[in-house]
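Asks: Got a file for you: data-v1.txt, compact mmCIF, C-alpha atoms and all ligand atoms.
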```txt
# COMPACT_ATOMS: atom_id res chain seq x y z
CA MET A 19 0.00 0.00 0.00
CA THR A 20 2.96 2.35 0.51
CA ASN A 21 2.93 3.12 -3.23
CA SER A 22 -0.26 5.15 -2.58
CA ILE A 23 1.93 7.66 -0.76
CA GLU A 24 3.06 10.64 -2.77
CA TYR A 25 6.00 12.69 -1.50
CA VAL A 26 5.00 16.08 -2.86
CA LEU A 27 8.52 17.55 -2.88
CA GLY A 28 10.26 14.34 -3.89
CA ASP A 29 13.65 14.08 -2.16
CA VAL A 30 14.08 17.82 -1.61
CA LEU A 31 14.90 18.69 2.02
CA PRO A 32 15.62 22.00 3.78
CA GLU A 33 19.30 22.42 4.70
CA PRO A 34 20.05 22.59 8.44
CA GLY A 35 19.57 26.15 9.72
CA THR A 36 17.29 27.14 6.81
CA VAL A 37 13.56 27.27 6.15
CA MET A 38 11.73 26.02 3.05
CA THR A 39 8.21 26.78 1.86
CA VAL A 40 6.26 23.53 1.84
CA ALA A 41 2.71 24.79 1.26
CA ASP A 42 0.94 28.13 0.91
CA GLY A 43 1.75 29.97 4.16
CA VAL A 44 3.70 27.11 5.74
CA ARG A 45 7.47 26.73 6.07
CA TRP A 46 9.51 23.69 7.00
CA VAL A 47 12.59 23.45 9.26
CA ARG A 48 14.49 20.19 9.70
CA MET A 49 16.62 19.77 12.84
CA PRO A 50 19.15 16.97 13.42
CA LEU A 51 18.80 14.35 16.17
CA PRO A 52 21.67 12.27 17.58
CA PHE A 53 19.67 9.01 17.31
CA ALA A 54 18.93 6.30 14.74
CA LEU A 55 15.99 8.54 13.79
CA ASN A 56 18.30 11.39 12.84
CA HIS A 57 16.02 14.41 12.30
CA VAL A 58 12.76 16.07 13.33
CA ASN A 59 10.56 18.37 11.22
CA LEU A 60 9.27 21.67 12.60
CA TYR A 61 6.78 23.92 10.84
CA LEU A 62 6.05 27.64 10.81
CA ILE A 63 2.59 28.89 9.88
CA ASP A 64 2.33 32.43 8.52
CA ASP A 65 0.12 34.53 10.80
CA GLY A 66 0.49 37.89 9.07
CA ASP A 67 2.53 39.90 11.58
CA GLY A 68 4.44 36.84 12.76
CA TRP A 69 4.77 33.08 12.75
CA VAL A 70 3.20 30.25 14.70
CA LEU A 71 5.90 27.67 15.34
CA ILE A 72 4.93 24.00 15.60
CA ASP A 73 7.48 22.01 17.69
CA CYS A 74 10.96 23.14 18.67
CA GLY A 75 13.64 20.45 18.27
CA LEU A 76 15.85 18.83 20.88
CA GLY A 77 17.14 20.91 23.82
CA ASP A 78 20.79 20.65 22.82
CA GLU A 79 23.53 23.06 21.68
CA THR A 80 23.37 21.89 18.05
CA THR A 81 19.68 22.73 17.79
CA ARG A 82 20.08 26.12 19.49
CA GLN A 83 22.92 27.04 17.12
CA LEU A 84 20.83 26.09 14.10
CA TRP A 85 17.97 28.22 15.39
CA GLU A 86 20.16 31.36 15.46
CA PRO A 87 20.34 32.07 11.68
CA ILE A 88 16.64 31.26 11.34
CA LEU A 89 15.67 33.70 14.09
CA ALA A 90 18.08 36.28 12.65
CA ASN A 91 17.09 36.21 8.98
CA GLY A 92 15.00 33.18 8.03
CA LEU A 93 11.57 34.59 8.82
CA ASP A 94 11.32 37.70 6.62
CA GLY A 95 12.02 39.94 9.61
CA ARG A 96 8.85 38.80 11.36
CA PRO A 97 8.90 37.27 14.88
CA ILE A 98 7.65 33.93 16.20
CA THR A 99 4.52 35.03 18.06
CA GLN A 100 3.14 31.66 19.27
CA VAL A 101 4.75 28.29 19.98
CA LEU A 102 2.65 25.14 19.78
CA VAL A 103 4.08 21.78 20.85
CA THR A 104 2.34 18.62 19.58
CA HIS A 105 3.53 16.44 22.48
CA TYR A 106 6.07 16.37 25.29
CA HIS A 107 8.78 14.18 23.71
CA PRO A 108 12.29 15.69 23.74
CA ASP A 109 12.67 16.15 19.97
CA HIS A 110 9.47 18.28 19.96
CA MET A 111 9.63 19.98 23.38
CA GLY A 112 13.39 20.09 24.02
CA SER A 113 14.15 23.65 22.94
CA ALA A 114 10.71 25.06 23.79
CA GLY A 115 11.73 26.71 27.08
CA TRP A 116 14.76 28.30 25.42
CA LEU A 117 12.78 29.53 22.41
CA LEU A 118 10.00 30.97 24.57
CA GLU A 119 12.57 32.94 26.50
CA ARG A 120 14.17 34.17 23.26
CA THR A 121 10.93 35.14 21.54
CA GLY A 122 8.58 36.02 24.42
CA ALA A 123 5.92 33.92 22.68
CA PRO A 124 3.30 31.99 24.66
CA LEU A 125 3.20 28.18 24.68
CA TRP A 126 0.25 26.11 23.47
CA MET A 127 -0.08 22.43 24.45
CA THR A 128 -2.67 19.94 25.60
CA ARG A 129 -2.92 19.68 29.37
CA SER A 130 -1.62 16.10 29.71
CA GLU A 131 1.37 16.80 27.50
CA TRP A 132 2.35 19.89 29.49
CA LEU A 133 1.87 18.01 32.78
CA SER A 134 3.97 15.09 31.50
CA ALA A 135 6.76 17.39 30.36
CA ARG A 136 6.77 19.30 33.62
CA ALA A 137 6.63 16.19 35.84
CA ILE A 138 9.27 14.17 33.99
CA ARG A 139 11.63 17.13 33.59
CA LEU A 140 11.57 17.67 37.37
CA ASP A 141 11.84 14.03 38.50
CA ASP A 142 15.39 13.19 39.57
CA THR A 143 14.36 10.97 42.48
CA GLU A 144 15.75 7.58 43.53
CA GLU A 145 12.15 6.47 43.72
CA LEU A 146 11.86 6.88 39.95
CA LEU A 147 15.01 4.81 39.34
CA ASP A 148 13.69 2.05 41.63
CA GLY A 149 10.40 2.15 39.72
CA ILE A 150 12.23 1.79 36.41
CA VAL A 151 14.13 -1.26 37.72
CA ALA A 152 10.94 -2.90 39.06
CA PHE A 153 9.19 -2.33 35.72
CA TYR A 154 11.93 -3.92 33.59
CA ARG A 155 12.30 -6.91 35.97
CA ARG A 156 8.68 -7.76 35.24
CA THR A 157 9.44 -7.85 31.50
CA GLY A 158 12.06 -10.62 31.79
CA LEU A 159 14.97 -8.35 30.87
CA GLY A 160 18.33 -9.77 32.07
CA ALA A 161 19.94 -8.40 35.27
CA THR A 162 22.75 -6.56 33.43
CA ASP A 163 20.32 -4.87 31.06
CA VAL A 164 18.05 -3.92 33.96
CA ALA A 165 21.06 -2.31 35.65
CA ASP A 166 21.74 -0.40 32.40
CA MET A 167 18.15 0.89 32.48
CA ARG A 168 18.85 2.33 35.94
CA VAL A 169 22.02 3.99 34.66
CA LEU A 170 20.20 5.47 31.65
CA GLY A 171 17.66 6.68 34.23
CA ASN A 172 15.67 9.78 33.35
CA SER A 173 17.25 10.67 29.99
CA TYR A 174 14.45 13.20 29.35
CA ARG A 175 15.98 15.67 31.81
CA ARG A 176 19.18 15.77 29.77
CA MET A 177 17.49 16.55 26.46
CA VAL A 178 14.95 19.21 27.42
CA SER A 179 15.38 22.79 28.61
CA PRO A 180 13.29 23.81 31.67
CA ILE A 181 9.54 23.49 31.07
CA PRO A 182 7.65 26.82 31.26
CA LEU A 183 5.50 27.35 34.33
CA THR A 184 2.46 28.36 32.31
CA PHE A 185 0.80 27.28 29.07
CA ASN A 186 -2.31 27.84 26.97
CA ARG A 187 -4.46 24.77 26.70
CA LEU A 188 -5.23 23.02 23.44
CA ALA A 189 -8.39 20.91 23.73
CA ALA A 190 -10.41 18.74 21.35
CA ASP A 191 -12.74 21.63 20.49
CA THR A 192 -10.00 24.25 20.07
CA VAL A 193 -10.04 26.04 16.73
CA LEU A 194 -7.06 28.29 16.03
CA GLU A 195 -7.29 31.10 13.52
CA ILE A 196 -3.88 31.50 11.93
CA GLY A 197 -3.28 33.76 8.94
CA GLY A 198 -7.03 34.00 8.28
CA ARG A 199 -7.48 30.23 8.11
CA ARG A 200 -9.09 27.97 10.69
CA TRP A 201 -7.02 25.08 12.10
CA MET A 202 -8.83 22.39 14.07
CA VAL A 203 -7.05 20.56 16.88
CA MET A 204 -7.30 16.76 16.68
CA ILE A 205 -6.24 14.92 19.81
CA GLY A 206 -5.16 11.32 19.99
CA SER A 207 -3.39 9.06 22.44
CA GLY A 208 -1.04 6.09 22.17
CA HIS A 209 2.29 7.59 21.16
CA SER A 210 2.02 10.04 24.07
CA PRO A 211 -0.88 10.83 26.40
CA GLU A 212 -2.69 13.65 24.58
CA HIS A 213 -0.93 14.30 21.28
CA ALA A 214 -2.26 17.22 19.19
CA CYS A 215 -2.48 17.25 15.39
CA LEU A 216 -3.73 20.31 13.49
CA TYR A 217 -6.05 20.13 10.51
CA CYS A 218 -6.96 23.00 8.19
CA PRO A 219 -9.89 21.81 6.02
CA GLU A 220 -9.91 24.80 3.65
CA ALA A 221 -6.20 24.41 2.83
CA GLU A 222 -6.33 20.58 3.06
CA LEU A 223 -3.28 20.61 5.31
CA MET A 224 -2.57 18.50 8.35
CA ILE A 225 0.25 18.88 10.85
CA GLY A 226 0.54 15.20 11.73
CA GLY A 227 3.14 15.25 14.52
CA ASP A 228 4.34 11.73 15.29
CA PHE A 229 0.92 10.19 14.60
CA LEU A 230 0.95 9.91 10.81
CA LEU A 231 4.48 9.18 9.70
CA PRO A 232 4.84 8.10 6.05
CA ARG A 233 7.39 5.30 6.41
CA ILE A 234 8.16 4.25 9.97
CA SER A 235 5.42 3.35 12.43
CA PRO A 236 5.24 5.71 15.43
CA ASN A 237 6.44 4.14 18.66
CA ILE A 238 3.46 2.93 20.67
CA SER A 239 4.79 1.98 24.10
CA VAL A 240 3.80 1.00 27.58
CA TRP A 241 5.98 2.84 30.11
CA TRP A 242 6.70 2.32 33.82
CA ASN A 243 4.20 4.91 35.02
CA GLU A 244 1.26 2.96 33.54
CA PRO A 245 2.35 -0.70 33.23
CA ASP A 246 -1.17 -2.00 32.54
CA GLY A 247 -2.05 0.74 30.05
CA ASN A 248 -3.45 0.03 26.60
CA PRO A 249 -1.90 2.69 24.32
CA LEU A 250 -2.20 0.58 21.16
CA GLN A 251 -5.99 0.55 21.48
CA ASP A 252 -5.92 4.35 21.77
CA TYR A 253 -3.72 4.68 18.70
CA LEU A 254 -5.83 2.32 16.56
CA ARG A 255 -8.89 4.37 17.54
CA PHE A 256 -7.18 7.51 16.31
CA LEU A 257 -6.35 5.86 12.97
CA ASP A 258 -10.01 4.85 12.73
CA SER A 259 -11.15 8.44 13.28
CA LEU A 260 -9.68 9.93 10.10
CA ASP A 261 -12.75 9.54 7.86
CA PRO A 262 -13.73 13.24 7.98
CA ILE A 263 -10.28 14.29 6.72
CA ALA A 264 -10.17 15.09 2.98
CA ASP A 265 -8.39 12.38 0.96
CA GLN A 266 -6.09 14.86 -0.79
CA THR A 267 -4.87 16.42 2.46
CA LEU A 268 -1.16 17.19 2.53
CA VAL A 269 0.32 15.69 5.70
CA LEU A 270 3.23 17.52 7.29
CA PRO A 271 4.78 14.85 9.53
CA SER A 272 7.39 15.23 12.29
CA HIS A 273 9.74 12.76 10.61
CA ASP A 274 10.52 11.94 6.96
CA ARG A 275 8.88 14.10 4.25
CA PRO A 276 5.50 15.78 3.52
CA TYR A 277 3.11 13.43 1.71
CA ARG A 278 -0.38 12.87 0.38
CA GLY A 279 -2.21 9.62 1.04
CA LEU A 280 -3.04 9.64 4.74
CA LYS A 281 -5.92 7.16 4.46
CA PRO A 282 -3.94 4.39 2.74
CA ARG A 283 -1.15 5.14 5.22
CA ALA A 284 -3.54 4.81 8.19
CA LEU A 285 -4.70 1.46 6.78
CA ASP A 286 -1.06 0.37 6.40
CA LEU A 287 -0.34 1.26 10.02
CA THR A 288 -3.42 -0.61 11.24
CA GLU A 289 -2.42 -3.72 9.26
CA HIS A 290 1.14 -3.48 10.57
CA HIS A 291 -0.16 -3.65 14.15
CA ASP A 292 -2.59 -6.47 13.30
CA ARG A 293 0.35 -8.53 12.02
CA ARG A 294 2.35 -7.76 15.15
CA LEU A 295 -0.59 -8.72 17.37
CA ASP A 296 -0.77 -12.07 15.56
CA LEU A 297 2.97 -12.55 15.90
CA ALA A 298 2.85 -11.83 19.66
CA ALA A 299 -0.06 -14.26 20.09
CA GLN A 300 1.86 -16.90 18.16
CA VAL A 301 4.95 -16.52 20.39
CA CYS A 302 2.71 -16.83 23.44
CA GLN A 303 1.42 -20.27 22.47
CA VAL A 304 4.11 -21.25 24.97
CA PRO A 305 4.37 -19.06 28.09
CA SER A 306 6.62 -16.13 27.15
CA THR A 307 7.93 -12.90 28.64
CA ALA A 308 7.66 -9.45 27.05
CA ILE A 309 11.35 -9.81 26.16
CA ASP A 310 10.67 -13.10 24.31
CA VAL A 311 8.00 -11.29 22.29
CA MET A 312 10.28 -8.30 21.74
CA ASN A 313 13.00 -10.58 20.34
CA ALA A 314 10.51 -12.05 17.85
CA MET A 315 9.34 -8.56 16.81
CA PHE A 316 12.72 -6.84 16.56
CA GLN A 317 15.29 -9.25 15.22
CA ARG A 318 18.29 -6.97 15.55
CA LYS A 319 20.82 -5.81 18.11
CA MET A 320 19.66 -2.77 20.08
CA ASP A 321 21.28 -0.41 22.59
CA THR A 322 19.66 0.44 25.95
CA HIS A 323 17.81 3.44 24.51
CA GLN A 324 16.35 1.40 21.61
CA THR A 325 15.52 -1.50 23.94
CA ARG A 326 13.32 0.82 26.01
CA PHE A 327 11.19 1.58 22.96
CA ALA A 328 11.15 -2.06 21.82
CA VAL A 329 10.10 -3.48 25.22
CA GLY A 330 7.42 -0.81 25.46
CA GLU A 331 6.14 -1.68 22.01
CA SER A 332 6.06 -5.40 22.87
CA LEU A 333 4.07 -4.64 26.05
CA ALA A 334 1.64 -2.44 24.11
CA HIS A 335 0.74 -5.41 21.90
CA LEU A 336 0.57 -7.82 24.87
CA ASN A 337 -1.70 -5.53 26.89
CA LEU A 338 -4.09 -5.14 23.95
CA LEU A 339 -4.18 -8.94 23.48
CA ILE A 340 -5.03 -9.32 27.19
CA ASP A 341 -7.79 -6.75 26.82
CA GLN A 342 -9.16 -8.69 23.82
CA GLY A 343 -9.18 -11.89 25.89
CA ARG A 344 -6.62 -13.56 23.62
CA LEU A 345 -3.90 -13.77 26.31
CA SER A 346 -3.62 -14.17 30.05
CA ARG A 347 -0.55 -13.57 32.21
CA HIS A 348 0.87 -14.94 35.45
CA LEU A 349 3.87 -13.92 37.51
CA GLY A 350 6.76 -16.39 37.23
CA ASP A 351 9.01 -17.44 40.14
CA ASP A 352 11.68 -15.15 38.69
CA GLY A 353 9.42 -12.07 39.10
CA ALA A 354 8.67 -11.71 35.36
CA TRP A 355 5.21 -11.87 33.76
CA ARG A 356 4.55 -14.87 31.51
CA TYR A 357 1.95 -14.37 28.77
CA VAL A 358 0.08 -17.30 27.27
CA THR A 359 -2.77 -17.70 24.79
CA THR A 360 -6.13 -18.50 26.33
ZN ZN B 1 7.19 11.52 19.81
```
What does this structure look like when you write it as structure tokens?
Ligand SMILES: [Zn+2]
Replies:
Amino acid sequence: MTNSIEYVLGDVLPEPGTVMTVADGVRWVRMPLPFALNHVNLYLIDDGDGWVLIDCGLGDETTRQLWEPILANGLDGRPITQVLVTHYHPDHMGSAGWLLERTGAPLWMTRSEWLSARAIRLDDTEELLDGIVAFYRRTGLGATDVADMRVLGNSYRRMVSPIPLTFNRLAADTVLEIGGRRWMVMIGSGHSPEHACLYCPEAELMIGGDFLLPRISPNISVWWNEPDGNPLQDYLRFLDSLDPIADQTLVLPSHDRPYRGLKPRALDLTEHHDRRLDLAAQVCQVPSTAIDVMNAMFQRKMDTHQTRFAVGESLAHLNLLIDQGRLSRHLGDDGAWRYVTT
């Protein structure tokens, strides 16, 4: 189905530290990331006297240095007047505090995303590290790898500048008027608690955040703060809710390149998770841990950072299968959950 996706600008990308027009009244900035996923897309919407910035990049020196020429001469001499962050993850939120201080612009976020950012940024407690260890023991991760998880600890704090004390709330019924056009806020959960996308029906444009990526599937993970959560169900519901969006809508995603074809892409993503649910159920025909299922899903060597996402993704599929009545779990003598088909 991926051939139904049309990359509207082909392989053309904005150079680091520059902006590129991607649609009428919308500009694109691409910031580097020091991970396997090596970049994040940010967008600027023309609001007449100034710009509304969507997402900010990581809170590191590289990103701040790349912002300088853009702030100095990349915006036609007009200021950033509002900053909107789709969700709290470090590649979106990282430089927000710094940019708000530089520009004096107010911050717009959903309430749960702001609360998550604020809480996680402030948490440097031993209690958190103990909670991380307890969570990964339950997954069947080996003792050395669990110890590495403790060492990695709260990596969020290191990638994000201080979270502003105040914000303006984006809610499901929020409509923003930007540059004379109406942008509707669409909220979904699964990748993060209350992720905001923006949809402008008259321009057939959608700021997709991490929800509608053209090539990779967004990470859908269970984390230590909600071990029995069911984020995959939330995400599949979001994908199911796209009917009212016009077929020809141009999606501006947070990673990879702008594309048309969001409905075939949503179907692709749903089928991808269906296959993974079947794979997890198949592994669990014999009692298996979340790590056993992870190894079947991700057949490659991963570092501690990648393992966090992979274990979380494995748990997201297992928790949905439990909710569907296809699996049950029991605690093994070693302190790890075993999942088995019912
Ligand atoms: Zn994200």
Asks: Residues at most 9 Å from Arg175 of chain A, counting all atoms listed in the file, excluding those fewer than 4 positions away in the same chain, as a list of chain:residue names?
Replies: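 That gives A:Pro108, A:Ile138, A:Arg139, A:Leu140, A:Asp141, A:Asp142, A:Ser179, A:Pro180.
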Asks: I want to know what sits within 9 Å of Leu31 of chain A, based on all atoms listed in the file, with residues of the same chain fewer than 4 positions away left out; could you give that as a list in words?
Replies: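 The filter keeps Leu27, Met38, Trp46, Val47, Arg48 and Arg275 of chain A.
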Asks: Near Gln342 of chain A, counting only C-alpha atoms, which residues have an atom at most 12 Å away, once you skip same-chain residues fewer than 4 positions from it, shown as a list of chain:residue names?
Replies: A:Asn248, A:Leu250, A:Gln251, A:Leu295, A:Ala299, A:His335, A:Leu336, A:Asn337, A:Leu338, A:Ser346, A:Thr359, A:Thr360
Asks: Find, counting all atoms listed in the file, the residue in A:Leu170, A:Ile196, A:Met312, A:Ile88 that gets nearest to Asp65 of chain A.
Replies: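 Of A:Leu170, A:Ile196, A:Met312, A:Ile88, the one nearest Asp65 of chain A is A:Ile196, counting all atoms listed in the file.
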Asks: Throw together the list of residues within 10 Å of ligand ZN 1 (chain B), counting only C-alpha atoms and all ligand atoms, and drop it here as a PyMOL selection string.
Replies: chain A and resi 58+104-111+209-210+213+227-229+236-238+272-273
Asks: Dig up all the protein and nucleic acid residues within 10 Å of (15.2, 29.8, 4.1) in the file frame, using all atoms listed in the file, and format them as JSON, numbers by chain.
Replies: {"A": [32, 33, 34, 35, 36, 37, 38, 39, 45, 46, 47, 87, 88, 91, 92, 93, 94]}
Asks: Report, in Å to a single decimal, how far apart atom CA of Leu287 of chain A and atom CA of Tyr253 of chain A are.
Replies: 9.9 Å
Asks: Select, from A:Ala334, A:Ala114, A:Met127, A:Leu280, the residue with the minimum atom-to-atom distance to Cys74 of chain A, counting all atoms listed in the file.
Replies: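 Using all atoms listed in the file, Cys74 of chain A sits closest to A:Ala114.
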Asks: Give me, please, the distance in Å between atom CA of Leu183 of chain A and atom CA of Trp116 of chain A, quoted to one decimal.
Replies: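 Distance reported for this atom pair: 12.9 Å.
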Asks: Which of these residues is nearest to Gln300 of chain A, using all atoms listed in the file: A:Tyr357, A:Pro245, A:Ala161, A:Tyr154?
Replies: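 The closest residue to Gln300 of chain A is A:Tyr357.
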Asks: Nearest to Leu231 of chain A among A:Ala41, A:Leu339, A:Leu62, A:Leu257, with distances taken over all atoms listed in the file: which residue is it?
Replies: A:Leu257
Asks: Please determine, counting all atoms listed in the file, which residue among A:Asn186, A:Thr143, A:Ser130, A:Gln83 has the shortest atom-to-atom distance to Arg168 of chain A.
Replies: A:Thr143
Asks: Could you check the closest approach to Met177 of chain A for each of A:Val26, A:Ile263, A:Ala298, A:Leu51 and tell me which residue wins, using all atoms listed in the file?
Replies: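 So, comparing all the options, the nearest one is A:Leu51.
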Asks: If you count all atoms listed in the file, which residues fall within 9 Å of segment 321-324 of chain A, apart from same-chain ones fewer than 6 positions away, as a PyMOL selection string?
Replies: chain A and resi 54+163+166-167+170
Asks: Name the residues in contact with Asp274 of chain A at a cut-off of 9 Å, using only C-alpha atoms, excluding same-chain residues fewer than 6 positions from it; report them as a ChimeraX atom specification.
Replies: /A:57-59,231-234
Asks: So how many Å separate atom CA of Gly75 of chain A and atom CA of Ala189 of chain A, to one decimal?
Replies: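 Atom CA of Gly75 of chain A sits 22.7 Å away from atom CA of Ala189 of chain A.
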Asks: Select all residues near (-1.6, 39.7, 8.3) (cut-off 12 Å, inclusive, file coordinates), counting only C-alpha atoms, and output them as a PyMOL selection string.
Replies: chain A and resi 43+63-69+96+195-199
